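Pasting final-v7.cif here (mmCIF, C-alpha atoms):
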```
data_query
#
loop_
_atom_site.label_atom_id
_atom_site.label_comp_id
_atom_site.auth_asym_id
_atom_site.auth_seq_id
_atom_site.Cartn_x
_atom_site.Cartn_y
_atom_site.Cartn_z
CA MET A 23 82.63 124.98 103.21
CA THR A 24 81.41 128.50 103.75
CA ASP A 25 77.87 129.78 103.68
CA SER A 26 76.08 133.03 104.31
CA VAL A 27 72.75 134.76 104.11
CA VAL A 28 72.98 137.74 101.79
CA THR A 29 71.92 140.88 103.65
CA ILE A 30 73.47 143.75 101.71
CA GLY A 31 74.54 144.51 98.17
CA SER A 32 73.07 143.97 94.73
CA LYS A 33 72.05 140.35 95.37
CA THR A 34 69.97 141.04 98.48
CA ASN A 35 66.50 140.41 97.06
CA LEU A 36 67.19 138.33 93.98
CA THR A 37 64.82 135.43 93.38
CA VAL A 38 66.71 132.16 93.46
CA THR A 39 65.93 128.44 93.51
CA CYS A 40 67.00 125.96 96.17
CA SER A 41 69.55 123.64 94.57
CA ASN A 42 68.16 120.70 96.52
CA CYS A 43 64.36 120.88 96.51
CA GLY A 44 63.67 123.50 93.82
CA LYS A 45 61.80 125.83 96.16
CA GLU A 46 61.91 129.49 95.17
CA GLY A 47 62.87 132.27 97.51
CA THR A 48 65.09 135.33 97.80
CA THR A 49 68.79 135.55 98.51
CA GLY A 50 67.87 137.18 101.80
CA GLU A 51 66.00 134.06 102.88
CA PHE A 52 68.25 131.34 101.50
CA PHE A 53 71.78 130.38 102.39
CA THR A 54 74.45 130.94 99.79
CA TYR A 55 77.34 128.50 99.34
CA GLN A 56 80.29 128.51 97.06
CA GLY A 57 79.98 125.39 94.95
CA ALA A 58 82.76 123.09 93.78
CA LYS A 59 83.25 125.10 90.58
CA GLY A 60 82.98 128.52 92.20
CA ALA A 61 79.33 129.12 91.25
CA ASP A 62 76.81 130.17 93.90
CA VAL A 63 74.65 127.39 95.30
CA TYR A 64 71.48 128.26 97.20
CA LEU A 65 69.75 126.22 99.88
CA CYS A 66 66.52 126.95 101.71
CA PRO A 67 66.74 126.70 105.53
CA GLU A 68 65.05 123.30 105.58
CA CYS A 69 67.40 121.74 103.01
CA ARG A 70 70.43 123.32 104.67
CA ALA A 71 69.52 121.60 107.94
CA LYS A 72 69.06 118.26 106.14
CA VAL A 73 72.41 118.57 104.35
CA ASN A 74 74.21 119.46 107.58
CA ASP A 75 72.63 116.48 109.36
CA THR A 76 73.75 114.19 106.52
CA LEU A 77 77.33 115.50 106.59
CA VAL A 78 77.56 115.17 110.37
CA GLY A 79 76.18 111.64 110.23
CA GLU A 80 78.65 110.74 107.48
CA GLU A 81 81.58 111.86 109.63
CA LYS A 82 80.38 109.82 112.63
CA SER A 83 79.67 106.53 110.85
CA ILE A 84 82.95 106.04 108.98
CA PRO A 85 84.25 102.41 109.05
CA THR A 86 87.78 103.56 109.88
CA TRP A 87 89.43 100.16 110.22
CA ARG A 88 88.08 98.93 106.89
CA ALA A 89 89.30 102.12 105.23
CA PHE A 90 92.71 101.71 106.85
CA GLY A 91 92.95 98.05 105.86
CA LEU A 92 92.12 98.62 102.21
CA GLY A 93 94.41 101.65 102.12
CA LEU A 94 97.26 99.61 103.59
CA ILE A 95 96.81 96.93 100.93
CA ALA A 96 96.86 99.63 98.25
CA ALA A 97 100.03 101.15 99.73
CA VAL A 98 101.81 97.77 99.63
CA VAL A 99 100.57 96.96 96.12
CA GLY A 100 101.59 100.41 94.89
CA ALA A 101 105.03 100.02 96.45
CA VAL A 102 105.50 96.61 94.78
CA ILE A 103 104.48 98.03 91.40
CA TRP A 104 106.92 100.92 91.87
CA TYR A 105 109.68 98.47 92.82
CA TYR A 106 109.19 96.28 89.74
CA ILE A 107 108.95 99.28 87.41
CA THR A 108 112.32 100.39 88.76
CA ILE A 109 114.15 97.07 88.49
CA LEU A 110 112.67 96.24 85.07
CA THR A 111 113.56 99.61 83.55
CA ASP A 112 116.75 100.08 85.58
CA HIS A 113 115.57 103.61 86.30
CA GLU A 114 113.62 105.04 89.20
CA TYR A 115 110.69 107.27 88.37
CA GLY A 116 109.76 109.35 91.40
CA TYR A 117 106.56 110.38 89.65
CA VAL A 118 105.17 106.91 90.36
CA SER A 119 104.53 108.28 93.85
CA LEU A 120 101.76 110.43 92.35
CA GLY A 121 99.96 107.31 91.18
CA LEU A 122 100.59 105.75 94.57
CA GLY A 123 98.90 108.74 96.19
CA TYR A 124 95.78 108.36 94.06
CA LEU A 125 95.71 104.59 94.54
CA VAL A 126 95.86 104.81 98.31
CA GLY A 127 93.43 107.72 98.49
CA TYR A 128 90.76 105.95 96.47
CA ALA A 129 91.31 102.68 98.34
CA VAL A 130 90.68 104.49 101.63
CA LEU A 131 87.63 106.18 100.10
CA ILE A 132 86.19 102.86 98.91
CA GLY A 133 87.01 101.17 102.20
CA ALA A 134 85.08 103.92 103.97
CA GLY A 135 82.02 103.28 101.83
CA LYS A 136 82.79 106.45 99.85
CA ARG A 137 82.41 108.54 102.97
CA ARG A 138 84.78 111.44 103.41
CA GLY A 139 86.31 113.26 106.35
CA ARG A 140 89.40 114.76 107.89
CA LYS A 141 90.27 111.53 109.71
CA LEU A 142 90.28 109.63 106.41
CA GLN A 143 92.48 112.29 104.85
CA ILE A 144 95.07 111.84 107.60
CA ILE A 145 94.94 108.05 107.30
CA SER A 146 95.39 108.26 103.55
CA ALA A 147 98.34 110.66 103.78
CA LEU A 148 100.13 108.51 106.37
CA LEU A 149 99.64 105.38 104.27
CA VAL A 150 101.06 107.12 101.21
CA VAL A 151 104.15 108.02 103.25
CA PHE A 152 104.40 104.38 104.33
CA GLY A 153 104.09 103.17 100.74
CA ILE A 154 106.79 105.56 99.55
CA PHE A 155 109.10 104.48 102.37
CA ILE A 156 108.81 100.74 101.76
CA ALA A 157 109.16 101.19 97.99
CA GLU A 158 112.34 103.21 98.43
CA TYR A 159 113.67 100.71 100.95
CA ALA A 160 113.11 97.77 98.61
CA ILE A 161 114.67 99.66 95.69
CA PHE A 162 117.72 100.62 97.77
CA SER A 163 118.18 97.04 98.97
CA HIS A 164 118.00 95.76 95.40
CA SER A 165 120.51 98.35 94.21
CA LEU A 166 122.87 97.49 97.06
CA HIS A 167 122.64 93.77 96.29
CA THR A 168 123.31 94.42 92.60
CA TYR A 169 126.36 96.51 93.44
CA MET A 170 127.73 93.86 95.79
CA VAL A 171 127.29 91.15 93.15
CA ALA A 172 129.20 93.28 90.65
CA ASN A 173 131.98 94.12 93.14
CA PRO A 174 132.47 91.05 95.38
CA SER A 175 136.12 91.89 96.12
CA GLN A 176 134.96 94.88 98.18
CA PHE A 177 132.88 92.64 100.43
CA ASP A 178 135.04 89.68 101.42
CA TRP A 179 132.75 89.02 104.39
CA TRP A 180 129.68 88.61 102.21
CA ASP A 181 128.28 85.09 101.66
CA GLY A 182 126.14 85.99 98.65
CA GLN A 183 122.85 86.22 100.54
CA PRO A 184 120.57 89.27 100.26
CA VAL A 185 121.60 92.07 102.62
CA TRP A 186 118.98 94.08 104.49
CA VAL A 187 120.21 97.37 105.87
CA ASP A 188 118.84 99.30 108.80
CA PRO A 189 115.95 101.41 107.42
CA TRP A 190 117.40 104.37 109.33
CA ASN A 191 120.84 103.88 107.79
CA SER A 192 122.24 107.22 106.64
CA LEU A 193 123.16 105.84 103.21
CA PHE A 194 119.59 104.69 102.66
CA LEU A 195 118.08 107.96 103.81
CA GLU A 196 120.46 110.01 101.68
CA SER A 197 119.65 107.88 98.63
CA PHE A 198 116.16 109.33 98.21
CA ILE A 199 116.09 112.50 100.31
CA SER A 200 116.66 115.32 97.86
CA PRO A 201 114.81 118.62 97.28
CA ILE A 202 113.18 117.50 94.03
CA GLY A 203 112.47 114.03 95.41
CA LEU A 204 110.82 115.37 98.54
CA LEU A 205 108.75 117.78 96.44
CA ILE A 206 107.45 114.96 94.24
CA TYR A 207 106.73 112.76 97.25
CA ALA A 208 104.94 115.64 98.97
CA ILE A 209 102.69 116.01 95.93
CA GLY A 210 101.94 112.27 96.07
CA VAL A 211 101.01 112.54 99.74
CA TYR A 212 98.85 115.59 99.00
CA LEU A 213 97.00 113.74 96.22
CA GLY A 214 96.22 110.91 98.63
CA TYR A 215 95.09 113.48 101.20
CA VAL A 216 92.65 115.39 98.97
CA VAL A 217 90.84 112.32 97.60
CA CYS A 218 88.93 111.95 100.86
CA LYS A 219 88.35 115.67 101.31
CA PRO A 220 84.76 116.42 102.41
CA GLN A 221 82.66 117.50 99.45
CA LYS A 222 81.30 120.99 99.06
CA VAL A 223 77.57 121.57 98.88
#
```
Starting from the coordinates I provided, produce the structure as C-alpha cells.
Amino acid sequence: MTDSVVTIGSKTNLTVTCSNCGKEGTTGEFFTYQGAKGADVYLCPECRAKVNDTLVGEEKSIPTWRAFGLGLIAAVVGAVIWYYITILTDHEYGYVSLGLGYLVGYAVLIGAGKRRGRKLQIISALLVVFGIFIAEYAIFSHSLHTYMVANPSQFDWWDGQPVWVDPWNSLFLESFISPIGLLIYAIGVYLGYVVCKPQKV
C-alpha cells in the first residue's frame, strides 16, 4: 500500500472528500492512496491514523494456529478430492491444484477470523504445496498398484498388498515434475498465497 500527500502538479489544491469520514479538504492536506481498482482514495490525517492502527492491530492479533489447523484440513480434503477425481475419471487434471489453492487460502483466511497478513500468506502457500504433494503421492501409489495388478509376472516378490514407495523416490518425483506441471502448481500456490494478502485502503 502506498500513500502520499500531493504537493506539486495539477491536483495540488483540489477539493476532495475523505473516503472514511466524509470530511472535505484539499489534496495538499489529505493523504492519497491507490485503491484496489486503481482509483485515488483520500484520507484525512485523523482517519489515516485510525486505519493504520487497525491494520497494525490486525497483524498482531492473528490466531495463527487456528488458521494453520483449518488450512491443513482444507489441504487434506482438497488432496482427497483430487485423488478421487483422478481415479474415477482415469485421468489426472493438474488444474485441480488451482481449486486446491483457493480452498486452502480461504480456509486459512476463515481460520484467522478473516484477518490478513504476510504470515498467513506464507502459511497458506506452504499448505498448498503440502496438499499438492500428498495428492500426487496418493495418485502415484494408486497408479503403481494398478500397474502391478495388471502385470503380476513382473513382480514375483509381491504378495498383493498395497505398495508404498519412498516419497523421495526418483520415479515418483519424475512422475509429476514437468515444466507445465510445475507452472500449474505454481499458479495454485500463488492463488493460495494472494487470498490472505493485506487489503488496500
Evaluate the PyMOL selection byres ((chain A and resi 99) around 12) and report residues as a VMD selection string: chain A and resid 92 to 98 100 to 106 121 to 123 125 to 126 129 149 to 150 152 to 154 156 to 157
For Ser163 (chain A): contacts at 9 Å, all atoms listed in the file, fewer than 6 positions along chain excluded, given as a PyMOL selection string: chain A and resi 184-187+194
Could you tell me how far CA of Ile109 (chain A) lies from CA of Ser175 (chain A), in Å and to one decimal? 23.8 Å
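Against this structure, the PyMOL selection byres ((chain A and resi 143) around 10) ends up with Gly127, Val130, Leu131, Arg138, Gly139, Arg140, Lys141, Leu142, Ile144, Ile145, Ser146, Ala147, Leu148, Leu149, Val211, Tyr212, Leu213, Gly214, Tyr215, Val216, Val217, Cys218, Lys219 and Pro220 of chain A.
If all atoms listed in the file are the atoms counted, then among A:Ser197, A:Lys45, A:Ile161, A:Ala61 the closest residue to His113 (chain A) is A:Ile161.
Going from CA of Asn42 (chain A) to CA of Cys69 (chain A) covers 6.6 Å.
Here CA of Ile202 (chain A) is placed at a distance of 9.2 Å from CA of Gly116 (chain A).
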As a check of understanding, name the residues that the PyMOL selection byres ((chain A and resi 43) around 12) selects in the supplied structure, as a ChimeraX atom specification. /A:38-42,44-47,64-70,72-73
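Restricting the calculation to all atoms listed in the file, the smallest distance between Gly135 (chain A) and any of A:Val171, A:Ala89, A:Gly203, A:Thr48 is found for A:Ala89.
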Show me, as JSON, the centre and edge lengths in Å to one decimal of the axis-aligned box that covers every listed atom of region 94-107 of chain A with 4 Å on each side.
```
{"center_x": 103.2, "center_y": 98.7, "center_z": 95.5, "size_x": 20.9, "size_y": 12.9, "size_z": 24.2}
```
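Shortest atom-to-atom contact with Gly210 (chain A) among A:Asn173, A:Asn191, A:Gln183, A:Ser119: A:Ser119, counting all atoms listed in the file.
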Export region 89-156 of chain A from the structure block above, keeping C-alpha atoms, as a short mmCIF file (atom, residue, chain, number, x, y, z; two decimals), in the first residue's frame.
```
data_model
loop_
_atom_site.label_atom_id
_atom_site.label_comp_id
_atom_site.auth_asym_id
_atom_site.auth_seq_id
_atom_site.Cartn_x
_atom_site.Cartn_y
_atom_site.Cartn_z
CA ALA A 89 -5.62 -20.61 10.72
CA PHE A 90 -2.98 -23.30 10.24
CA GLY A 91 -5.27 -26.05 11.53
CA LEU A 92 -8.18 -25.16 9.28
CA GLY A 93 -5.83 -24.70 6.33
CA LEU A 94 -4.30 -28.13 6.96
CA ILE A 95 -7.74 -29.74 6.98
CA ALA A 96 -8.55 -27.98 3.71
CA ALA A 97 -5.26 -29.16 2.17
CA VAL A 98 -6.03 -32.79 3.08
CA VAL A 99 -9.65 -32.57 1.92
CA GLY A 100 -8.56 -30.94 -1.34
CA ALA A 101 -5.95 -33.64 -1.90
CA VAL A 102 -8.53 -36.39 -1.29
CA ILE A 103 -10.95 -34.78 -3.76
CA TRP A 104 -8.17 -34.51 -6.33
CA TYR A 105 -7.25 -38.17 -5.77
CA TYR A 106 -10.81 -39.43 -6.28
CA ILE A 107 -11.35 -37.24 -9.34
CA THR A 108 -8.25 -38.85 -10.83
CA ILE A 109 -9.10 -42.48 -10.08
CA LEU A 110 -12.78 -42.10 -11.06
CA THR A 111 -12.01 -40.44 -14.40
CA ASP A 112 -8.77 -42.35 -15.00
CA HIS A 113 -7.18 -39.02 -15.91
CA GLU A 114 -5.23 -36.55 -13.84
CA TYR A 115 -6.22 -32.91 -14.11
CA GLY A 116 -3.42 -30.71 -12.85
CA TYR A 117 -5.77 -27.74 -12.90
CA VAL A 118 -7.43 -29.13 -9.78
CA SER A 119 -4.46 -27.61 -7.96
CA LEU A 120 -5.92 -24.18 -8.71
CA GLY A 121 -9.06 -25.09 -6.77
CA LEU A 122 -6.87 -26.52 -4.04
CA GLY A 123 -5.08 -23.19 -3.80
CA TYR A 124 -8.32 -21.27 -3.35
CA LEU A 125 -9.69 -23.82 -0.88
CA VAL A 126 -6.64 -23.67 1.35
CA GLY A 127 -6.33 -19.90 1.09
CA TYR A 128 -9.91 -19.26 2.16
CA ALA A 129 -9.69 -21.87 4.92
CA VAL A 130 -6.66 -20.06 6.35
CA LEU A 131 -8.49 -16.74 5.99
CA ILE A 132 -11.56 -18.05 7.83
CA GLY A 133 -9.43 -19.71 10.48
CA ALA A 134 -7.74 -16.37 11.08
CA GLY A 135 -11.08 -14.67 11.63
CA LYS A 136 -10.81 -13.08 8.17
CA ARG A 137 -7.67 -11.26 9.21
CA ARG A 138 -4.92 -10.94 6.64
CA GLY A 139 -1.16 -10.69 6.73
CA ARG A 140 2.13 -11.82 5.28
CA LYS A 141 2.47 -14.64 7.82
CA LEU A 142 -0.89 -16.07 6.75
CA GLN A 143 0.13 -15.84 3.11
CA ILE A 144 3.23 -17.94 3.80
CA ILE A 145 1.25 -20.49 5.81
CA SER A 146 -1.31 -20.78 3.04
CA ALA A 147 1.32 -21.22 0.31
CA LEU A 148 3.15 -23.93 2.26
CA LEU A 149 -0.08 -25.81 2.93
CA VAL A 150 -0.98 -25.72 -0.77
CA VAL A 151 2.43 -27.25 -1.55
CA PHE A 152 1.73 -29.93 1.07
CA GLY A 153 -1.70 -30.64 -0.41
CA ILE A 154 -0.28 -30.97 -3.92
CA PHE A 155 2.46 -33.29 -2.69
CA ILE A 156 0.19 -35.70 -0.82
#
```
